[in-house]
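Pasted below: start_31.txt, compact mmCIF, C-alpha atoms.
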# COMPACT_ATOMS: atom_id res chain seq x y z
CA MET A 207 0.00 0.00 0.00
CA GLU A 208 1.07 3.59 -0.57
CA ILE A 209 1.83 5.92 2.32
CA LYS A 210 2.70 9.59 2.77
CA LEU A 211 6.01 9.70 4.57
CA LYS A 212 5.39 13.24 5.82
CA ASP A 213 2.57 11.88 7.98
CA PHE A 214 5.09 9.84 10.00
CA ILE A 215 8.07 12.18 10.27
CA LYS A 216 8.76 13.44 13.80
CA GLN A 217 11.89 15.37 14.65
CA GLY A 218 14.20 13.57 17.07
CA LYS A 219 12.31 10.25 16.87
CA ILE A 220 12.78 6.76 15.50
CA ILE A 221 9.62 5.64 13.72
CA SER A 222 9.61 1.92 12.95
CA PHE A 223 7.60 0.00 10.38
CA LEU A 224 7.09 -3.75 10.05
CA ASN A 225 5.87 -5.75 7.03
CA PHE A 226 5.91 -2.85 4.56
CA SER A 227 6.07 -4.06 0.95
CA GLY A 228 6.39 -0.75 -0.89
CA SER A 229 9.46 0.60 -2.67
CA PHE A 230 11.40 3.85 -2.34
CA GLU A 231 13.65 3.18 -5.35
CA LYS A 232 12.49 6.13 -7.44
CA LEU A 233 12.76 8.76 -4.71
CA ILE A 234 15.64 11.23 -4.69
CA ASN A 235 17.85 12.25 -1.78
CA ASN A 236 17.73 15.86 -0.60
CA GLN A 237 18.22 17.94 2.54
CA LYS A 238 14.76 17.02 3.78
CA ILE A 239 15.12 13.25 3.44
CA SER A 240 17.65 10.66 2.30
CA TYR A 241 17.08 6.98 1.52
CA VAL A 242 19.36 4.13 2.60
CA LEU A 243 18.07 1.05 0.78
CA ASP A 244 19.08 -2.58 0.54
CA ASN A 245 18.59 -2.89 -3.20
CA ARG A 246 19.28 0.52 -4.68
CA LYS A 247 20.91 0.55 -8.14
CA LYS A 248 24.68 1.02 -8.05
CA TYR A 249 26.64 3.37 -10.30
CA GLU A 250 29.65 2.53 -12.48
CA LYS A 251 31.69 5.69 -11.86
CA LYS A 252 34.19 6.06 -9.06
CA VAL A 253 32.78 6.82 -5.64
CA ARG A 254 34.88 9.99 -5.53
CA ASP A 255 33.41 11.24 -8.81
CA TYR A 256 29.88 10.43 -7.70
CA PHE A 257 30.22 12.35 -4.43
CA GLN A 258 31.92 15.34 -6.05
CA GLU A 259 28.99 15.57 -8.47
CA THR A 260 26.27 14.86 -5.90
CA ILE A 261 27.38 16.76 -2.77
CA PHE A 262 27.66 20.47 -3.66
CA ASP A 263 30.21 21.26 -0.93
CA PHE A 264 31.99 17.89 -0.91
CA SER A 265 34.92 17.74 1.49
CA GLU A 266 37.16 14.70 1.75
CA SER A 267 37.76 15.34 5.45
CA LYS A 268 34.02 15.42 6.13
CA PHE A 269 33.64 12.29 4.03
CA GLN A 270 36.25 10.54 6.17
CA ASP A 271 34.50 11.66 9.36
CA ALA A 272 31.18 10.32 8.09
CA CYS A 273 32.83 7.04 7.06
CA LYS A 274 34.24 6.66 10.55
CA MET A 275 30.79 7.21 12.01
CA VAL A 276 29.17 4.49 9.87
CA LEU A 277 32.09 2.00 10.07
CA LEU A 278 33.11 2.37 6.42
CA ASP A 279 36.70 2.36 5.15
CA PRO A 280 37.23 5.85 3.63
CA ASN A 281 39.42 4.28 0.91
CA VAL A 282 36.11 3.35 -0.71
CA LEU A 283 36.49 6.72 -2.49
CA GLU A 284 38.81 5.06 -4.98
CA LYS A 285 36.46 2.19 -5.78
CA SER A 286 33.88 2.08 -8.54
CA GLY A 287 30.32 2.06 -7.32
CA ILE A 288 29.59 -1.18 -9.14
CA SER A 289 32.30 -3.03 -7.19
CA LEU A 290 30.89 -2.29 -3.75
CA SER A 291 29.65 -5.09 -1.55
CA ARG A 292 26.10 -5.09 -0.25
CA THR A 293 27.09 -3.70 3.14
CA GLU A 294 29.60 -1.21 1.72
CA TYR A 295 26.90 0.20 -0.53
CA LYS A 296 24.45 0.63 2.33
CA ARG A 297 27.08 2.27 4.48
CA LEU A 298 27.96 4.59 1.60
CA GLN A 299 24.33 5.62 1.24
CA PHE A 300 24.37 6.35 4.96
CA VAL A 301 27.43 8.57 4.43
CA GLU A 302 25.62 10.40 1.63
CA ALA A 303 22.65 11.05 3.92
CA LEU A 304 24.95 12.52 6.57
CA LEU A 305 26.78 14.73 4.06
CA ASN A 306 23.42 15.89 2.70
CA ARG A 307 22.57 16.95 6.27
CA SER A 308 19.17 15.40 5.69
CA GLU A 309 16.64 16.07 8.43
CA THR A 310 15.16 12.59 7.98
CA ILE A 311 16.97 9.39 7.05
CA LEU A 312 14.90 6.44 5.84
CA PHE A 313 16.40 2.96 6.24
CA GLN A 314 14.83 -0.02 4.51
CA ASN A 315 16.13 -3.47 5.51
CA PHE A 316 19.39 -1.80 6.51
CA GLU A 317 20.26 -4.49 9.06
CA LEU A 318 20.45 -7.29 6.46
CA GLY A 319 24.05 -8.38 6.07
CA PHE A 320 25.14 -7.00 9.44
CA TYR A 321 25.66 -9.18 12.51
CA GLY A 322 26.50 -9.01 16.19
CA LYS A 323 28.43 -5.91 17.21
CA ASP A 324 27.73 -4.09 13.95
CA ARG A 325 23.97 -4.39 14.39
CA SER A 326 24.24 -3.21 17.98
CA TYR A 327 26.43 -0.29 16.92
CA TYR A 328 23.92 0.90 14.32
CA GLN A 329 21.03 0.66 16.78
CA LYS A 330 22.95 2.94 19.13
CA LEU A 331 23.91 5.26 16.26
CA PHE A 332 20.27 5.66 15.20
CA LEU A 333 19.40 6.64 18.76
CA LYS A 334 22.34 9.04 18.90
CA LEU A 335 21.24 10.76 15.69
CA THR A 336 17.84 11.48 17.19
CA LYS A 337 19.62 13.45 19.93
CA TYR A 338 20.70 15.85 17.19
CA GLY A 339 17.13 16.25 15.95
CA LYS A 340 17.23 13.70 13.14
CA CYS A 341 14.15 11.65 12.36
CA ILE A 342 14.91 7.99 11.60
CA LEU A 343 12.36 6.00 9.60
CA CYS A 344 13.23 2.33 9.99
CA PHE A 345 11.48 -0.16 7.69
CA THR A 346 12.29 -3.80 8.48
CA ASN A 347 10.92 -7.32 8.70
CA ASP A 348 13.42 -8.23 11.42
CA ILE A 349 11.68 -7.53 14.70
CA THR A 350 14.85 -8.09 16.72
CA PHE A 351 16.48 -5.07 15.08
CA LEU A 352 13.90 -2.89 16.83
CA PHE A 353 14.64 -4.31 20.29
CA GLY A 354 16.11 -1.59 22.47
CA MET A 355 15.44 1.15 19.90
CA VAL A 356 11.67 1.60 20.08
CA SER A 357 8.73 0.60 22.23
CA LYS A 358 6.08 1.43 19.63
CA PHE A 359 6.00 0.45 15.97
CA ILE A 360 3.69 0.37 12.97
CA LEU A 361 2.56 -2.98 11.56
CA PHE A 362 1.29 -3.06 7.99
CA ARG A 363 -1.54 -5.48 7.31
CA GLU A 364 -3.25 -6.38 4.02
CA ASN A 365 -5.03 -3.06 3.48
CA ASP A 366 -4.11 -0.86 6.43
CA TYR A 367 -1.70 -0.44 9.30
CA VAL A 368 -1.89 -0.35 13.07
CA LEU A 369 0.27 1.16 15.82
CA LEU A 370 1.42 -1.45 18.37
CA ASP A 371 3.41 -1.26 21.59
CA ASP A 372 3.96 -4.93 22.41
CA PHE A 373 6.45 -7.22 20.63
CA TYR A 374 4.55 -10.20 22.08
CA GLN A 375 1.27 -9.36 20.34
CA GLU A 376 0.11 -12.40 18.36
CA GLU A 377 -1.11 -10.38 15.37
CA ILE A 378 2.48 -9.54 14.39
CA TYR A 379 3.27 -13.20 13.81
CA GLN A 380 0.49 -13.63 11.33
CA TYR A 381 2.82 -11.72 9.00
CA LEU A 382 6.39 -12.10 10.29
CA GLU A 383 8.62 -14.75 11.81
CA MET A 384 8.62 -14.86 15.59
CA PRO A 385 12.02 -14.19 17.20
CA PRO A 386 13.39 -17.21 19.13
CA ILE A 387 13.47 -15.32 22.44
CA ILE A 388 9.75 -14.51 22.18
CA ALA A 389 8.87 -18.04 21.07
CA PHE A 390 10.84 -19.45 24.03
CA ILE A 391 9.12 -17.28 26.63
CA LYS A 392 5.69 -17.92 25.14
CA LYS A 393 6.35 -21.66 25.36
CA LEU A 394 7.41 -21.39 29.01
CA ASN A 395 4.31 -19.34 29.83
CA GLN A 396 2.11 -21.93 28.12
CA ASN A 397 3.72 -24.54 30.36
CA HIS A 398 2.78 -22.50 33.44
CA ILE A 399 6.28 -21.12 33.97
CA LYS A 400 5.65 -17.42 34.11
CA LEU A 401 8.30 -15.04 32.82
CA GLU A 402 8.01 -11.37 32.00
CA PRO A 403 7.93 -10.39 28.28
CA TYR A 404 11.69 -9.91 28.02
CA ILE A 405 13.40 -9.00 24.76
CA GLU A 406 17.01 -9.34 25.95
CA THR A 407 18.68 -12.72 26.35
CA LYS A 408 20.59 -11.65 29.46
CA GLU A 409 17.30 -10.74 31.18
CA VAL A 410 15.86 -14.16 30.31
CA LEU A 411 18.92 -15.89 31.75
CA LYS A 412 18.66 -13.87 34.95
CA ALA A 413 14.97 -14.77 35.25
CA ILE A 414 15.70 -18.48 34.71
CA TYR A 415 18.46 -18.35 37.31
CA ARG A 416 16.09 -16.77 39.82
CA SER A 417 13.44 -19.34 38.98
CA VAL A 418 15.83 -22.28 39.46
CA ASN A 419 17.10 -20.88 42.75
CA SER A 420 13.55 -20.53 44.01
CA GLY A 421 12.87 -24.19 43.26
CA ASP A 422 10.71 -23.82 40.13
CA LYS A 423 11.02 -26.50 37.44
CA LEU A 424 11.73 -25.40 33.89
What would you get if you wrote out this structure as structure tokens?
Amino acid sequence: MEIKLKDFIKQGKIISFLNFSGSFEKLINNQKISYVLDNRKKYEKKVRDYFQETIFDFSESKFQDACKMVLLDPNVLEKSGISLSRTEYKRLQFVEALLNRSETILFQNFELGFYGKDRSYYQKLFLKLTKYGKCILCFTNDITFLFGMVSKFILFRENDYVLLDDFYQEEIYQYLEMPPIIAFIKKLNQNHIKLEPYIETKEVLKAIYRSVNSGDKL
């Protein structure tokens, strides 16, 4: 379904969307909004040439600073756009958004291809950017990427969308895969072992430890 992005933009906030099937491919970056996509078409020219043509006040030192922020090797300037890996290309789009000084940055399936510490770093970076007034629009089908970033999110259904504030709500899993941590706790609760709706593994382990020490059977 089609949406009007301006209806969701809020300065200094992360707005998260689940199960959205639309495309932002044809939209153009500007100072109002930039797009960091998982499948955007690459360019054949050198990265340096592209940025010198695209960023009106391009500065190599600012480029290097932005690369450092998004965990990208600044030597990417000498590569051709077509040679970039999936994650390099997404990071480079992120750099472009920062150099554009865009008020809003839209990420679609950004987390795909990133693991462990990198994912955690970007979650923290999104939150940090909101402290500087940026609006982050995060479109994903990976519910775990939202853990720790937001408490409310928008779920798209067949013909509409709904605002939710509970990662344990059953309706979500009519459309998306249930994270293992949620499936585990739901199973324990069904077996009359009551645990809070945790979303962090360390909190689950602490709860299990407390339960075992108190004599409960898991």
So, with only C-alpha atoms as the atoms that count, which of A:Asn225, A:Lys247, A:Val276, A:Leu305 lies closest to Thr260 in chain A?
A:Leu305
Interatomic distance between CA of Arg363 in chain A and CA of Gln380 in chain A?
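Those two atoms sit 9.3 Å apart.
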Point out the residue among A:Tyr374, A:Phe345, A:Tyr379, A:Phe359 with the least atom-to-atom distance to Ser227 in chain A, counting all atoms listed in the file.
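Smallest separation from Ser227 in chain A among the options: A:Phe345.
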Please check which residues have atoms at most 9 Å from (18.5, 17.9, 7.3) in the file's coordinates, counting all atoms listed in the file, and write them as a list in words.
Asn236, Gln237, Lys238, Ile239, Ser240, Ala303, Leu304, Asn306, Arg307, Ser308, Glu309, Thr310, Ile311, Gly339 and Lys340 of chain A
Counting all atoms listed in the file, which residues sit no farther than 8 Å from the position (29.3, 3.3, 12.7) in the file's frame? I'd like them as number ranges by chain.
A: 273-278, 324, 327-328, 331
Might you pull out every residue within 10 Å of Phe257 in chain A, with all atoms listed in the file counted and same-chain residues fewer than 4 positions away left off, and present them as a list in words?
Lys252, Val253, Ile261, Phe262, Asp263, Phe264, Ser265, Glu266, Phe269, Leu283, Glu302 and Leu305 of chain A
Near-Val410 in chain A list (10 Å; only C-alpha atoms; drop same-chain fewer than 6 positions) as a VMD selection string
chain A and resid 387 390 to 391 401 to 404 416
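Here the question is which of A:Thr346, A:Thr407, A:Thr336, A:Ser286 gets nearest to Lys251 in chain A using all atoms listed in the file, and that residue is A:Ser286.
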Shortest interatomic distance to Leu382 in chain A - which of A:Ile221, A:Ala413, A:Leu361, A:Val242, counting all atoms listed in the file:
A:Leu361
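If you count all atoms listed in the file and ignore residues fewer than 4 places along the chain from Glu364 in chain A, what sits within 10 Å of it is A:Met207, A:Asn225, A:Phe226, A:Tyr381.
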Rank nothing, just name the residue among A:Thr350, A:Asn245, A:Asn235, A:Asn365 nearest to Gly322 in chain A, using all atoms listed in the file.
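Of the candidates, the smallest distance to Gly322 in chain A is held by A:Thr350.
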Among A:Lys408, A:Gln375, A:Gln270, A:Phe223, Leu352 in chain A is approached most closely, using all atoms listed in the file, by A:Phe223
Can you tell me how far CA of Ala272 in chain A sits from CA of Leu335 in chain A, in Å to one decimal?
12.5 Å
